[in-house]
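Trainee: There's a structure below that I have some questions on.
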Amino acid sequence: MKLIVLSDLHLMQDDPVRDQGNHARLYSAVERINTAYPDADLVVVAGDIADRGKLLRPYQDAYAALSCLIPPWTVTVGNHDDRETFKSVFGVGHCDPNGFVQSSHDLDGTRVIVLDSASEEPAPEGMRGARDPAGQLCPARLTWLDHQLASAKGMPVLIVFHHPAIPTCITLDDWILRSPEALIDRLVAHGQVRHVISGHIHMTTTSFFRGIPFTTIAGGHTTSVEDFGGRENKFRRTGPAQMAVVLSDADKTIVHFDNYVDANPDFQK
Ligand SMILES: [Fe+2]
Ligand SMILES: [Fe+2]
């Protein structure tokens with residue numbers, strides 16, 4: 001089974017300062033997938049599709065680009081997205097019966113569960129934006145997950161969603177999934193969760209907690225740089241733009257990191 005994970009497209013509209021050519025990066029991702037991985041079983045975009053979720057055009061642009069993919073694809077939303085604006089362009093085909101942007105896919109004996117971790121809580125006082133940038137899995141979303149895990153008893157499971165579930169990055173750990181134990185308890189109880197893949201922190205990390213491996217990818221926008229020197233040392237680079245390529249079968253799961261936009265050109269012998 002071959003799964004591709006993209007994240008953090010942050011498509012913008014009329015914002016030349018923050019925009020790092022994010023539309024072009026998405027087109028590069030689509031071209032890379034269609035050239036190198038046209039046989040992928042699924043492509044998942046793990047949220048932050050738009051940089052400002054109330055704007056329609058970034059979603060229209062994302063939909064047009066993703067529609068050019070050869071493999072099947074699905075999406076979920078991140079803290080920058082607005083669920084209703086998203087649905088006005090993408091429809092409800094990627095949603096669960098409660099309207100959350102989460103879906104389940106059985107691919108060659110492996111179940112891929114895509115969760116919607118965008119918060120419905122208001123932003124903390126003094127914070128920019130209407131919604132809490134940290135992640136949330138409310139009871140309705142967790143109940144849906146319970147059904148997906150129960151009906152996947154004995155199957156390997158991969159989980160994809162926007163927010164990291166465990167702290168990995170000093171400068172951004174305040175904005176990961178809130179109350180992650182509700183999720184992690186469920187994943188541990190299932191016993192066959194092979195990997196949890198997220199974006200949001202714009203950084204490549206791998207970690208291991210309570211028997212489950214976790215990965216974050218740098219995604220399609222700027223890349224966070226951690227120097228472990230403290231919170232005041234937060235800064236970013238323009239890239240690379242990075243997707244995960246996940247290979248999984250009955251015995252093993254492998255995560256590759258494909259930097260589809262990188263300052264280092266291919267070496268030609
Ligand atoms: Fe992001
Ligand atoms: Fe995010």
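Every chain in the structure tokens has a letter given in the order shown (A, B, ...), and although residue numbers restart at 1 in each chain, ligands are simply numbered from 1 in the order shown.
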List all protein, DNA and RNA residues that have any atom at most 9 Å from ligand 2, counting only C-alpha atoms and all ligand atoms, and write the list as a list in words.

Mentor: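 The distance check yields Ser7, Asp8, His10, Gly47, Asp48, Val77, Gly78, Asn79, His80, Asp81, Ala118, Pro133, Ala134, Gly135, His162, His163, Trp175, Ile176, Gly199, His200, Ile201 and His202 of chain A.
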
Trainee: Given the selection you just returned, output its residues as a file containing N, CA and C atoms, formatted as a PDB file, in the first residue's frame.

Mentor:
ATOM      1  N   SER A   7       0.807  18.424   3.303  1.00  0.00           N
ATOM      2  CA  SER A   7       0.227  19.229   4.382  1.00  0.00           C
ATOM      3  C   SER A   7       0.615  20.695   4.214  1.00  0.00           C
ATOM      4  N   ASP A   8      -0.138  21.552   4.883  1.00  0.00           N
ATOM      5  CA  ASP A   8       0.231  22.965   5.024  1.00  0.00           C
ATOM      6  C   ASP A   8       0.508  23.639   3.684  1.00  0.00           C
ATOM      7  N   HIS A  10      -1.159  26.273   2.658  1.00  0.00           N
ATOM      8  CA  HIS A  10      -1.240  27.711   2.955  1.00  0.00           C
ATOM      9  C   HIS A  10      -1.399  28.551   1.693  1.00  0.00           C
ATOM     10  N   GLY A  47      -4.433  19.306   5.952  1.00  0.00           N
ATOM     11  CA  GLY A  47      -4.895  20.561   6.535  1.00  0.00           C
ATOM     12  C   GLY A  47      -4.014  21.770   6.312  1.00  0.00           C
ATOM     13  N   ASP A  48      -4.554  22.945   6.728  1.00  0.00           N
ATOM     14  CA  ASP A  48      -3.990  24.243   6.364  1.00  0.00           C
ATOM     15  C   ASP A  48      -3.888  24.339   4.836  1.00  0.00           C
ATOM     16  N   VAL A  77      -8.926  19.382   7.302  1.00  0.00           N
ATOM     17  CA  VAL A  77      -8.688  20.811   7.552  1.00  0.00           C
ATOM     18  C   VAL A  77      -7.746  21.011   8.739  1.00  0.00           C
ATOM     19  N   GLY A  78      -7.100  22.182   8.754  1.00  0.00           N
ATOM     20  CA  GLY A  78      -6.215  22.573   9.845  1.00  0.00           C
ATOM     21  C   GLY A  78      -6.718  23.845  10.494  1.00  0.00           C
ATOM     22  N   ASN A  79      -5.900  24.386  11.382  1.00  0.00           N
ATOM     23  CA  ASN A  79      -6.323  25.570  12.141  1.00  0.00           C
ATOM     24  C   ASN A  79      -6.486  26.808  11.269  1.00  0.00           C
ATOM     25  N   HIS A  80      -5.800  26.875  10.127  1.00  0.00           N
ATOM     26  CA  HIS A  80      -5.950  28.040   9.245  1.00  0.00           C
ATOM     27  C   HIS A  80      -7.214  27.955   8.394  1.00  0.00           C
ATOM     28  N   ASP A  81      -7.803  26.771   8.309  1.00  0.00           N
ATOM     29  CA  ASP A  81      -8.957  26.588   7.431  1.00  0.00           C
ATOM     30  C   ASP A  81     -10.255  26.986   8.116  1.00  0.00           C
ATOM     31  N   ALA A 118      -9.385  20.393  13.600  1.00  0.00           N
ATOM     32  CA  ALA A 118      -9.566  21.848  13.692  1.00  0.00           C
ATOM     33  C   ALA A 118     -10.513  22.174  14.849  1.00  0.00           C
ATOM     34  N   PRO A 133      -5.936  27.991  17.751  1.00  0.00           N
ATOM     35  CA  PRO A 133      -5.052  27.333  16.774  1.00  0.00           C
ATOM     36  C   PRO A 133      -4.614  25.932  17.197  1.00  0.00           C
ATOM     37  N   ALA A 134      -4.786  25.602  18.471  1.00  0.00           N
ATOM     38  CA  ALA A 134      -4.458  24.245  18.911  1.00  0.00           C
ATOM     39  C   ALA A 134      -5.525  23.276  18.400  1.00  0.00           C
ATOM     40  N   GLY A 135      -5.219  21.990  18.462  1.00  0.00           N
ATOM     41  CA  GLY A 135      -6.132  20.991  17.914  1.00  0.00           C
ATOM     42  C   GLY A 135      -7.173  20.522  18.919  1.00  0.00           C
ATOM     43  N   HIS A 162      -4.127  16.926  11.229  1.00  0.00           N
ATOM     44  CA  HIS A 162      -3.298  18.122  11.117  1.00  0.00           C
ATOM     45  C   HIS A 162      -2.351  18.331  12.293  1.00  0.00           C
ATOM     46  N   HIS A 163      -2.854  18.274  13.510  1.00  0.00           N
ATOM     47  CA  HIS A 163      -2.053  18.668  14.676  1.00  0.00           C
ATOM     48  C   HIS A 163      -1.235  17.497  15.221  1.00  0.00           C
ATOM     49  N   TRP A 175       0.548  24.651  20.758  1.00  0.00           N
ATOM     50  CA  TRP A 175      -0.546  24.636  19.779  1.00  0.00           C
ATOM     51  C   TRP A 175      -0.735  23.271  19.138  1.00  0.00           C
ATOM     52  N   ILE A 176      -0.366  22.225  19.855  1.00  0.00           N
ATOM     53  CA  ILE A 176      -0.636  20.873  19.346  1.00  0.00           C
ATOM     54  C   ILE A 176      -2.029  20.441  19.802  1.00  0.00           C
ATOM     55  N   GLY A 199       0.992  17.425  10.298  1.00  0.00           N
ATOM     56  CA  GLY A 199       1.721  18.580   9.777  1.00  0.00           C
ATOM     57  C   GLY A 199       1.770  19.643  10.856  1.00  0.00           C
ATOM     58  N   HIS A 200       1.312  20.834  10.514  1.00  0.00           N
ATOM     59  CA  HIS A 200       1.060  21.950  11.445  1.00  0.00           C
ATOM     60  C   HIS A 200       2.316  22.647  11.949  1.00  0.00           C
ATOM     61  N   ILE A 201       3.343  21.914  12.386  1.00  0.00           N
ATOM     62  CA  ILE A 201       4.524  22.589  12.936  1.00  0.00           C
ATOM     63  C   ILE A 201       5.557  22.903  11.850  1.00  0.00           C
ATOM     64  N   HIS A 202       5.286  22.491  10.600  1.00  0.00           N
ATOM     65  CA  HIS A 202       6.164  22.826   9.468  1.00  0.00           C
ATOM     66  C   HIS A 202       7.598  22.336   9.736  1.00  0.00           C
TER      67      HIS A 202
END

Trainee: Just want the 9 Å neighbourhood of Asp258 in chain A, counted on only C-alpha atoms, with same-chain residues fewer than 6 positions away dropped. Output as JSON, numbers by chain.

Mentor: {"A": [241, 242, 243, 244, 245]}

Trainee: What is the distance, in Å and to one decimal place, between CA of Leu69 in chain A and CA of Leu11 in chain A?

Mentor: 17.4 Å

Trainee: Which residue is closest to Gln13 in chain A? Choose from A:Leu26, A:Leu55, A:Ile170, A:Ala36 and count only C-alpha atoms.

Mentor: A:Leu55

Trainee: Find the distance between CA of Leu66 in chain A and CA of Ile4 in chain A and write it in Å to one decimal.

Mentor: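 Going from CA of Leu66 in chain A over to CA of Ile4 in chain A, I get 12.7 Å.
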
Trainee: Considering only alpha helix (DSSP H) as DSSP defines it on the backbone, what residues of range 71-136 of chain A qualify? List them as a list in words.

Mentor: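 DSSP on the backbone gives alpha helix (DSSP H) at Arg83, Glu84, Thr85, Phe86, Lys87, Ser88, Val89 and Phe90 of chain A.
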
Trainee: As a PyMOL selection string, list the residues of range 27-197 of chain A assigned to strand (DSSP E or B) by DSSP on the backbone atoms of this structure.

Mentor: chain A and resi 42-46+50+73-76+103-107+110-114+122+131+135+157-160+177+193-197

Trainee: List as a ChimeraX atom specification the protein and nucleic acid residues near Ala140 in chain A, meaning an atom at most 12 Å away when only C-alpha atoms are counted, but skip any in the same chain fewer than 5 places from it.

Mentor: /A:96-100,102,115-117,145-147
